[in-house]
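Next up, query_2.cif (mmCIF, C-alpha atoms):
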data_my_file
loop_
_atom_site.group_PDB
_atom_site.id
_atom_site.type_symbol
_atom_site.label_atom_id
_atom_site.label_comp_id
_atom_site.auth_asym_id
_atom_site.auth_seq_id
_atom_site.Cartn_x
_atom_site.Cartn_y
_atom_site.Cartn_z
ATOM 1 C CA MET A 402 59.960 100.230 105.743
ATOM 2 C CA ARG A 403 61.281 99.540 102.252
ATOM 3 C CA PHE A 404 63.294 102.763 102.364
ATOM 4 C CA TYR A 405 64.849 101.405 105.585
ATOM 5 C CA TYR A 406 66.262 98.434 103.640
ATOM 6 C CA THR A 407 67.325 100.688 100.776
ATOM 7 C CA GLY A 408 69.338 102.617 103.359
ATOM 8 C CA PHE A 409 71.232 99.399 104.120
ATOM 9 C CA VAL A 410 72.305 99.183 100.469
ATOM 10 C CA ILE A 411 73.400 102.825 100.463
ATOM 11 C CA LEU A 412 75.390 102.416 103.682
ATOM 12 C CA ALA A 413 77.065 99.283 102.330
ATOM 13 C CA ALA A 414 78.068 101.169 99.174
ATOM 14 C CA VAL A 415 79.491 104.011 101.280
ATOM 15 C CA LEU A 416 81.603 101.505 103.212
ATOM 16 C CA TRP A 417 82.776 99.969 99.924
ATOM 17 C CA GLY A 418 83.823 103.406 98.762
ATOM 18 C CA ILE A 419 85.831 103.934 101.951
ATOM 19 C CA SER A 420 87.336 100.486 101.416
ATOM 20 C CA GLY A 421 88.530 101.617 98.006
ATOM 21 C CA GLY A 422 90.336 104.510 99.677
ATOM 22 C CA LEU A 423 91.913 102.193 102.254
ATOM 23 C CA ALA A 424 93.007 99.854 99.478
ATOM 24 C CA GLY A 425 94.557 102.855 97.719
ATOM 25 C CA ILE A 426 96.602 103.601 100.827
ATOM 26 C CA LEU A 427 97.840 100.010 100.943
ATOM 27 C CA MET A 428 98.721 100.059 97.235
ATOM 28 C CA ASP A 429 100.735 103.228 97.808
ATOM 29 C CA LYS A 430 102.631 101.279 100.445
ATOM 30 C CA GLY A 431 103.574 98.694 97.835
ATOM 31 C CA TRP A 432 101.053 95.901 98.446
ATOM 32 C CA SER A 433 99.607 94.150 95.401
ATOM 33 C CA PRO A 434 95.876 94.455 94.627
ATOM 34 C CA LEU A 435 95.272 90.711 94.802
ATOM 35 C CA VAL A 436 96.828 90.382 98.253
ATOM 36 C CA ILE A 437 94.758 93.335 99.462
ATOM 37 C CA SER A 438 91.619 91.746 98.033
ATOM 38 C CA PHE A 439 92.491 88.398 99.615
ATOM 39 C CA TYR A 440 92.796 89.868 103.103
ATOM 40 C CA ARG A 441 89.661 91.919 102.628
ATOM 41 C CA GLY A 442 87.724 88.708 102.031
ATOM 42 C CA ALA A 443 89.590 86.546 104.558
ATOM 43 C CA ILE A 444 89.184 89.005 107.439
ATOM 44 C CA GLY A 445 85.589 89.594 106.422
ATOM 45 C CA LEU A 446 85.091 85.832 106.559
ATOM 46 C CA VAL A 447 86.241 85.761 110.188
ATOM 47 C CA CYS A 448 83.665 88.436 111.067
ATOM 48 C CA LEU A 449 80.912 86.563 109.276
ATOM 49 C CA VAL A 450 81.760 83.243 110.925
ATOM 50 C CA ILE A 451 81.309 84.980 114.276
ATOM 51 C CA TRP A 452 77.823 86.046 113.142
ATOM 52 C CA VAL A 453 77.047 82.461 112.172
ATOM 53 C CA LEU A 454 78.012 81.252 115.630
ATOM 54 C CA LEU A 455 75.891 83.933 117.275
ATOM 55 C CA LYS A 456 72.852 83.139 115.132
ATOM 56 C CA ARG A 457 73.177 79.368 114.808
ATOM 57 C CA LYS A 458 70.043 78.748 116.898
ATOM 58 C CA ASP A 459 67.964 81.066 114.717
ATOM 59 C CA SER A 460 69.248 79.566 111.477
ATOM 60 C CA SER A 461 69.299 75.888 112.433
ATOM 61 C CA GLY A 462 68.009 73.600 109.685
ATOM 62 C CA LYS A 463 67.566 76.360 107.078
ATOM 63 C CA HIS A 464 70.627 75.728 104.960
ATOM 64 C CA SER A 465 69.590 73.701 101.932
ATOM 65 C CA SER A 466 71.869 72.577 99.138
ATOM 66 C CA ARG A 467 70.291 75.300 96.996
ATOM 67 C CA THR A 468 71.368 77.938 99.516
ATOM 68 C CA ILE A 469 74.923 76.618 99.573
ATOM 69 C CA MET A 470 75.051 76.505 95.768
ATOM 70 C CA TRP A 471 73.924 80.142 95.404
ATOM 71 C CA SER A 472 76.289 81.221 98.188
ATOM 72 C CA MET A 473 79.288 79.556 96.555
ATOM 73 C CA LEU A 474 78.336 81.041 93.200
ATOM 74 C CA ALA A 475 78.232 84.473 94.859
ATOM 75 C CA GLY A 476 81.739 83.936 96.228
ATOM 76 C CA ILE A 477 83.046 82.941 92.806
ATOM 77 C CA ALA A 478 81.336 85.996 91.307
ATOM 78 C CA VAL A 479 83.048 88.336 93.783
ATOM 79 C CA ALA A 480 86.445 86.757 93.114
ATOM 80 C CA SER A 481 85.875 87.031 89.356
ATOM 81 C CA ASN A 482 84.737 90.627 89.691
ATOM 82 C CA PHE A 483 87.918 91.635 91.507
ATOM 83 C CA SER A 484 90.187 89.666 89.161
ATOM 84 C CA PHE A 485 88.698 90.985 85.915
ATOM 85 C CA TYR A 486 88.570 94.504 87.359
ATOM 86 C CA PHE A 487 92.281 94.491 88.193
ATOM 87 C CA LEU A 488 93.125 93.016 84.770
ATOM 88 C CA SER A 489 91.115 95.760 83.087
ATOM 89 C CA ILE A 490 92.937 98.406 85.116
ATOM 90 C CA SER A 491 96.323 97.031 84.039
ATOM 91 C CA GLU A 492 95.273 96.978 80.390
ATOM 92 C CA SER A 493 93.083 100.066 79.976
ATOM 93 C CA GLY A 494 93.475 102.212 83.087
ATOM 94 C CA VAL A 495 91.254 102.991 86.055
ATOM 95 C CA ALA A 496 88.836 105.301 84.193
ATOM 96 C CA VAL A 497 87.880 102.727 81.569
ATOM 97 C CA ALA A 498 87.891 99.783 83.993
ATOM 98 C CA SER A 499 85.673 101.386 86.645
ATOM 99 C CA THR A 500 83.167 102.641 84.080
ATOM 100 C CA LEU A 501 82.948 99.236 82.397
ATOM 101 C CA MET A 502 82.507 97.496 85.752
ATOM 102 C CA TYR A 503 79.555 99.732 86.568
ATOM 103 C CA THR A 504 77.732 98.551 83.467
ATOM 104 C CA ALA A 505 76.479 95.821 85.847
ATOM 105 C CA PRO A 506 72.962 97.357 86.107
ATOM 106 C CA VAL A 507 72.572 96.865 82.357
ATOM 107 C CA PHE A 508 73.274 93.142 82.713
ATOM 108 C CA VAL A 509 70.984 92.976 85.762
ATOM 109 C CA LEU A 510 68.088 94.548 83.869
ATOM 110 C CA ILE A 511 68.630 92.369 80.795
ATOM 111 C CA SER A 512 68.769 89.227 82.936
ATOM 112 C CA SER A 513 65.732 90.303 84.964
ATOM 113 C CA PHE A 514 63.772 90.836 81.771
ATOM 114 C CA CYS A 515 64.878 87.559 80.144
ATOM 115 C CA PHE A 516 64.070 85.455 83.215
ATOM 116 C CA ARG A 517 60.939 87.492 84.064
ATOM 117 C CA ILE A 518 62.240 88.166 87.571
ATOM 118 C CA GLU A 519 61.142 91.781 87.634
ATOM 119 C CA SER A 520 59.720 94.371 85.281
ATOM 120 C CA ILE A 521 61.767 97.005 83.523
ATOM 121 C CA THR A 522 60.230 100.429 84.033
ATOM 122 C CA PRO A 523 61.133 103.622 82.147
ATOM 123 C CA PHE A 524 62.176 105.178 85.467
ATOM 124 C CA LYS A 525 64.755 102.435 86.133
ATOM 125 C CA VAL A 526 66.166 102.667 82.611
ATOM 126 C CA ILE A 527 66.435 106.463 82.712
ATOM 127 C CA SER A 528 68.035 106.294 86.168
ATOM 128 C CA MET A 529 70.673 103.888 84.897
ATOM 129 C CA ILE A 530 71.463 106.041 81.894
ATOM 130 C CA ILE A 531 71.827 109.163 84.048
ATOM 131 C CA VAL A 532 74.005 107.400 86.623
ATOM 132 C CA MET A 533 76.224 105.902 83.924
ATOM 133 C CA PHE A 534 76.644 109.389 82.465
ATOM 134 C CA GLY A 535 77.595 110.701 85.907
ATOM 135 C CA ILE A 536 80.133 107.917 86.415
ATOM 136 C CA SER A 537 81.649 108.650 82.995
ATOM 137 C CA LEU A 538 82.247 112.228 84.130
ATOM 138 C CA LEU A 539 83.447 111.164 87.568
ATOM 139 C CA THR A 540 85.991 108.665 86.221
ATOM 140 C CA ASN A 541 87.344 110.997 83.505
ATOM 141 C CA ILE A 542 86.746 108.438 80.778
ATOM 142 C CA TYR A 543 86.154 111.286 78.315
ATOM 143 C CA GLU A 544 89.889 112.070 78.521
ATOM 144 C CA THR A 545 90.927 108.584 77.398
ATOM 145 C CA GLY A 546 91.828 108.344 73.734
ATOM 146 C CA ILE A 547 90.419 105.578 71.541
ATOM 147 C CA SER A 548 93.949 104.510 70.644
ATOM 148 C CA GLU A 549 94.584 103.607 74.294
ATOM 149 C CA LEU A 550 91.773 101.071 74.378
ATOM 150 C CA ASN A 551 92.387 97.380 73.732
ATOM 151 C CA VAL A 552 90.256 94.274 73.434
ATOM 152 C CA VAL A 553 91.613 92.598 76.579
ATOM 153 C CA GLY A 554 90.999 95.675 78.708
ATOM 154 C CA ILE A 555 87.476 96.209 77.376
ATOM 155 C CA MET A 556 86.465 92.547 77.615
ATOM 156 C CA SER A 557 87.848 92.117 81.137
ATOM 157 C CA GLY A 558 86.096 95.324 82.237
ATOM 158 C CA LEU A 559 82.772 94.101 80.850
ATOM 159 C CA LEU A 560 83.314 90.687 82.451
ATOM 160 C CA SER A 561 83.840 92.415 85.805
ATOM 161 C CA GLY A 562 80.442 94.010 85.293
ATOM 162 C CA VAL A 563 78.893 90.647 84.404
ATOM 163 C CA SER A 564 80.479 89.155 87.546
ATOM 164 C CA TYR A 565 79.059 91.960 89.667
ATOM 165 C CA ALA A 566 75.596 91.348 88.199
ATOM 166 C CA LEU A 567 75.942 87.631 88.957
ATOM 167 C CA PHE A 568 76.975 88.511 92.503
ATOM 168 C CA ILE A 569 73.790 90.564 92.989
ATOM 169 C CA PHE A 570 71.502 87.774 91.780
ATOM 170 C CA SER A 571 73.350 85.053 93.695
ATOM 171 C CA PHE A 572 73.224 86.893 97.012
ATOM 172 C CA LYS A 573 69.560 87.753 96.553
ATOM 173 C CA ASN A 574 68.620 84.138 95.797
ATOM 174 C CA ALA A 575 70.777 82.711 98.581
ATOM 175 C CA SER A 576 69.523 85.113 101.260
ATOM 176 C CA GLU A 577 65.810 84.570 100.685
ATOM 177 C CA ASN A 578 64.430 82.893 103.824
ATOM 178 C CA ASN A 579 67.962 82.039 104.953
ATOM 179 C CA SER A 580 70.473 83.356 107.462
ATOM 180 C CA PRO A 581 72.534 86.187 105.895
ATOM 181 C CA PRO A 582 75.611 85.430 108.048
ATOM 182 C CA PHE A 583 75.639 81.817 106.846
ATOM 183 C CA VAL A 584 75.151 82.851 103.224
ATOM 184 C CA LEU A 585 77.938 85.413 103.406
ATOM 185 C CA SER A 586 80.304 83.076 105.253
ATOM 186 C CA THR A 587 79.896 80.400 102.599
ATOM 187 C CA ALA A 588 80.389 82.970 99.848
ATOM 188 C CA PHE A 589 83.536 84.438 101.380
ATOM 189 C CA ALA A 590 84.963 81.023 102.183
ATOM 190 C CA THR A 591 84.677 80.302 98.452
ATOM 191 C CA PHE A 592 86.054 83.752 97.640
ATOM 192 C CA THR A 593 89.090 83.193 99.894
ATOM 193 C CA ALA A 594 89.768 79.735 98.485
ATOM 194 C CA VAL A 595 89.631 81.009 94.898
ATOM 195 C CA LEU A 596 91.933 84.003 95.456
ATOM 196 C CA LEU A 597 94.339 81.823 97.442
ATOM 197 C CA LEU A 598 95.212 80.160 94.143
ATOM 198 C CA PHE A 599 96.330 83.412 92.500
ATOM 199 C CA ILE A 600 98.017 85.554 95.150
ATOM 200 C CA ASP A 601 101.722 85.824 95.900
ATOM 201 C CA HIS A 602 101.910 83.626 99.012
ATOM 202 C CA ARG A 603 105.183 85.130 100.257
ATOM 203 C CA GLU A 604 103.763 88.628 100.062
ATOM 204 C CA ALA A 605 100.563 87.506 101.771
ATOM 205 C CA LEU A 606 102.553 85.929 104.615
ATOM 206 C CA SER A 607 104.713 89.022 105.057
ATOM 207 C CA ALA A 608 101.557 91.138 105.486
ATOM 208 C CA LEU A 609 100.817 89.309 108.745
ATOM 209 C CA PHE A 610 104.052 90.599 110.281
ATOM 210 C CA SER A 611 104.072 94.090 108.773
ATOM 211 C CA GLU A 612 103.153 97.383 110.395
ATOM 212 C CA ASP A 613 100.332 97.674 107.865
ATOM 213 C CA LEU A 614 98.402 94.761 109.373
ATOM 214 C CA ILE A 615 96.012 97.196 111.095
ATOM 215 C CA TRP A 616 95.091 98.616 107.677
ATOM 216 C CA PHE A 617 94.318 95.126 106.369
ATOM 217 C CA ILE A 618 92.159 94.365 109.416
ATOM 218 C CA THR A 619 90.270 97.643 109.096
ATOM 219 C CA LEU A 620 89.734 97.044 105.397
ATOM 220 C CA GLY A 621 88.399 93.541 106.034
ATOM 221 C CA ILE A 622 85.966 94.639 108.740
ATOM 222 C CA ILE A 623 84.658 97.665 106.830
ATOM 223 C CA GLY A 624 84.901 96.294 103.305
ATOM 224 C CA ALA A 625 83.451 92.838 103.931
ATOM 225 C CA GLY A 626 82.491 91.973 107.498
ATOM 226 C CA VAL A 627 79.985 94.816 107.911
ATOM 227 C CA SER A 628 79.238 96.125 104.421
ATOM 228 C CA PHE A 629 78.273 92.847 102.779
ATOM 229 C CA TYR A 630 76.012 91.924 105.681
ATOM 230 C CA LEU A 631 74.198 95.250 105.297
ATOM 231 C CA TYR A 632 73.999 94.773 101.538
ATOM 232 C CA VAL A 633 72.372 91.344 101.720
ATOM 233 C CA GLU A 634 69.941 92.563 104.390
ATOM 234 C CA GLY A 635 69.037 95.430 102.075
ATOM 235 C CA LEU A 636 68.449 93.092 99.142
ATOM 236 C CA LYS A 637 65.615 91.402 101.037
ATOM 237 C CA LYS A 638 63.282 94.321 100.266
ATOM 238 C CA THR A 639 65.133 95.975 97.379
ATOM 239 C CA SER A 640 64.937 94.807 93.764
ATOM 240 C CA ALA A 641 68.199 93.705 92.165
ATOM 241 C CA SER A 642 68.189 96.413 89.483
ATOM 242 C CA VAL A 643 67.485 99.207 91.981
ATOM 243 C CA ALA A 644 70.180 97.882 94.335
ATOM 244 C CA ALA A 645 72.675 97.816 91.462
ATOM 245 C CA VAL A 646 72.080 101.482 90.672
ATOM 246 C CA ILE A 647 72.018 102.615 94.306
ATOM 247 C CA ALA A 648 75.305 100.790 94.978
ATOM 248 C CA MET A 649 76.945 103.126 92.475
ATOM 249 C CA VAL A 650 77.335 105.561 95.376
ATOM 250 C CA GLU A 651 80.540 103.568 95.961
ATOM 251 C CA PRO A 652 82.675 105.456 93.375
ATOM 252 C CA VAL A 653 81.283 108.735 94.708
ATOM 253 C CA THR A 654 82.386 107.844 98.245
ATOM 254 C CA ALA A 655 85.768 106.673 96.962
ATOM 255 C CA SER A 656 86.249 109.986 95.177
ATOM 256 C CA LEU A 657 85.334 111.967 98.301
ATOM 257 C CA PHE A 658 87.754 109.834 100.330
ATOM 258 C CA GLY A 659 90.507 110.631 97.858
ATOM 259 C CA LEU A 660 89.598 114.318 97.994
ATOM 260 C CA VAL A 661 89.509 114.633 101.786
ATOM 261 C CA VAL A 662 92.040 112.030 102.957
ATOM 262 C CA LEU A 663 94.435 111.453 100.071
ATOM 263 C CA GLY A 664 94.536 115.054 98.892
ATOM 264 C CA GLU A 665 93.299 114.337 95.385
ATOM 265 C CA VAL A 666 91.532 117.070 93.412
ATOM 266 C CA LEU A 667 88.258 116.779 91.491
ATOM 267 C CA THR A 668 87.811 118.693 88.248
ATOM 268 C CA VAL A 669 84.641 120.655 87.517
ATOM 269 C CA LEU A 670 83.257 117.869 85.298
ATOM 270 C CA GLN A 671 84.085 115.233 87.917
ATOM 271 C CA SER A 672 82.226 117.283 90.514
ATOM 272 C CA ILE A 673 79.239 117.528 88.191
ATOM 273 C CA GLY A 674 79.325 113.753 87.738
ATOM 274 C CA LEU A 675 79.391 113.247 91.500
ATOM 275 C CA ILE A 676 76.387 115.544 91.988
ATOM 276 C CA VAL A 677 74.465 113.837 89.157
ATOM 277 C CA ILE A 678 74.985 110.424 90.773
ATOM 278 C CA LEU A 679 73.934 111.608 94.230
ATOM 279 C CA ILE A 680 70.771 113.305 92.958
ATOM 280 C CA THR A 681 69.754 110.279 90.881
ATOM 281 C CA ILE A 682 70.372 107.850 93.740
ATOM 282 C CA THR A 683 68.330 110.049 96.082
ATOM 283 C CA MET A 684 65.413 110.123 93.614
ATOM 284 C CA LEU A 685 65.633 106.374 93.141
ATOM 285 C CA SER A 686 65.575 105.840 96.912
ATOM 286 C CA VAL A 687 62.487 108.039 97.305
ATOM 287 C CA LYS A 688 60.791 106.196 94.443
ATOM 288 C CA GLN A 689 61.614 102.873 96.131
ATOM 289 C CA LYS A 690 60.083 104.179 99.351
ATOM 290 C CA ASP A 691 56.814 104.972 97.611
ATOM 291 C CA CYS A 692 56.564 101.551 96.000
#

For the structure just supplied, provide its representation as structure tokens.
Amino acid sequence: MRFYYTGFVILAAVLWGISGGLAGILMDKGWSPLVISFYRGAIGLVCLVIWVLLKRKDSSGKHSSRTIMWSMLAGIAVASNFSFYFLSISESGVAVASTLMYTAPVFVLISSFCFRIESITPFKVISMIIVMFGISLLTNIYETGISELNVVGIMSGLLSGVSYALFIFSFKNASENNSPPFVLSTAFATFTAVLLLFIDHREALSALFSEDLIWFITLGIIGAGVSFYLYVEGLKKTSASVAAVIAMVEPVTASLFGLVVLGEVLTVLQSIGLIVILITITMLSVKQKDC
């Protein structure tokens, strides 16, 4: 049964990876990353509100102030994650930014240990190290020279990882004994409100009347409306640290999307990194099943 919930986390990560490919298509069409992120959350919010309406009888009276607080914190964490990630990309490049963002499991484990939420096992630590090594190969960070790094890029990349870790804990706390649709709707309402302060409003308005609107809608449904619901459902029976590592299948999926759909080419070392990540995630899933 636990493996069943772990599968939810894996499927959510796959959808996130596809979302990255869809976002890449929109960026190639000239849309800014923040506007793309805004519509991903806003359209996802519409989907989640529909779930709330469908499940309002089942979730009546279960929404405490604590739930709302954790849900809003999760929304802020997602908005911060996206913002710091994009800043890191602009300062240090995609390879450095994506690798730094996926240091999130390190922060999850450290926080879990400090607050005595869960135990740190040698298997979890080794899995993280192996997956981080695979992501380093997959993102080509080994080709980036030290001279190209800068403090702003590194710090913003690490902060995106911290934000992602905060997102994991917030969703897990908010969804315990509460309705996932309500939790996610509150989080994405906060997410949308926060990003609304930073986007180019003229560009965002023009997206509603462009021929690319179908891409935005698809991105929102896949990248938020469905994937985040699956992720929170999966967190009910999956520890935060394990979920953080398993969710790293996202960059693998994004790379495969680029390979198959966008015509990008993976080097030998990138392919090795992809295989390393998949094998480690599979082992971690089997281990979770046996627990």

Evaluate the PyMOL selection byres ((chain A and resi 565-582) around 6) and record the selected residues as number ranges by chain, following the chain and residue labels used in the document. A: 449, 452-453, 460, 468, 471-472, 475, 478, 482, 505, 509, 562-564, 583-586

Assuming 5 Å of padding per side, give the centre and edge lengths of the axis-aligned box around every listed atom of range 529-532 of chain A, in Å to one decimal and as AutoDock Vina command-line options.
--center_x 72.3 --center_y 106.5 --center_z 84.3 --size_x 13.3 --size_y 15.3 --size_z 14.7

Tell me which of A:Gly664, A:Gly425, A:Gly442, A:Gly558 sits closest to Gly624 in chain A, counting all atoms listed in the file.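 Comparing A:Gly664, A:Gly425, A:Gly442, A:Gly558 against Gly624 in chain A, the winner is A:Gly442.
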
Taking the file as shown, what set of residues would the PyMOL selection byres ((chain A and resi 411) around 12) give back, as a ChimeraX atom specification? /A:404-410,412-418,628-629,631-636,639,643-654,679,682-683,685-686

Counting all atoms listed in the file, closest pick from A:Ile536, A:Leu657, A:Ile451, A:Val595 relative to Gly421 in chain A is A:Leu657

Could you please determine the separation between CA of Val662 in chain A and CA of Met502 in chain A in Å, to one decimal place?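 According to the coordinates, CA of Val662 in chain A and CA of Met502 in chain A are separated by 24.5 Å.
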
Counting all atoms listed in the file, the option among A:Val553, A:Arg441, A:Leu660, A:Leu474 closest to Leu488 in chain A: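 Smallest separation from Leu488 in chain A among the options: A:Val553.
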
Kindly give the distance, in Å, that separates CA of Ile615 in chain A and CA of Ala590 in chain A, rounded to a single decimal. 21.5 Å

Restricting the calculation to all atoms listed in the file: of A:Gly554, A:Ala625, A:Val436, A:Ser420, which residue gets closest to Ser607 in chain A? A:Val436

So which one's closest to Ile618 in chain A, A:Leu670, A:Val661, A:Ile676, A:Ile437? Using all atoms listed in the file, please. A:Ile437

Residues returned when the PyMOL selection byres ((chain A and resi 591-593) around 8) runs on this file, as a count of residues only: 16

So how far away is CA of Leu501 in chain A from CA of Met428 in chain A, in Å?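 That distance, rounded to one decimal, is 21.7 Å.
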
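Among the candidate residues A:Trp432, A:Ser484, A:Cys448, A:Ala424, the one lying nearest to Tyr630 in chain A is A:Cys448, with distances computed using only C-alpha atoms.
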
Show me, as a PyMOL selection string, the residues that have an atom within 7 Å of Ser528 in chain A when counting all atoms listed in the file, minus same-chain residues fewer than 4 positions from it. chain A and resi 524+532+681
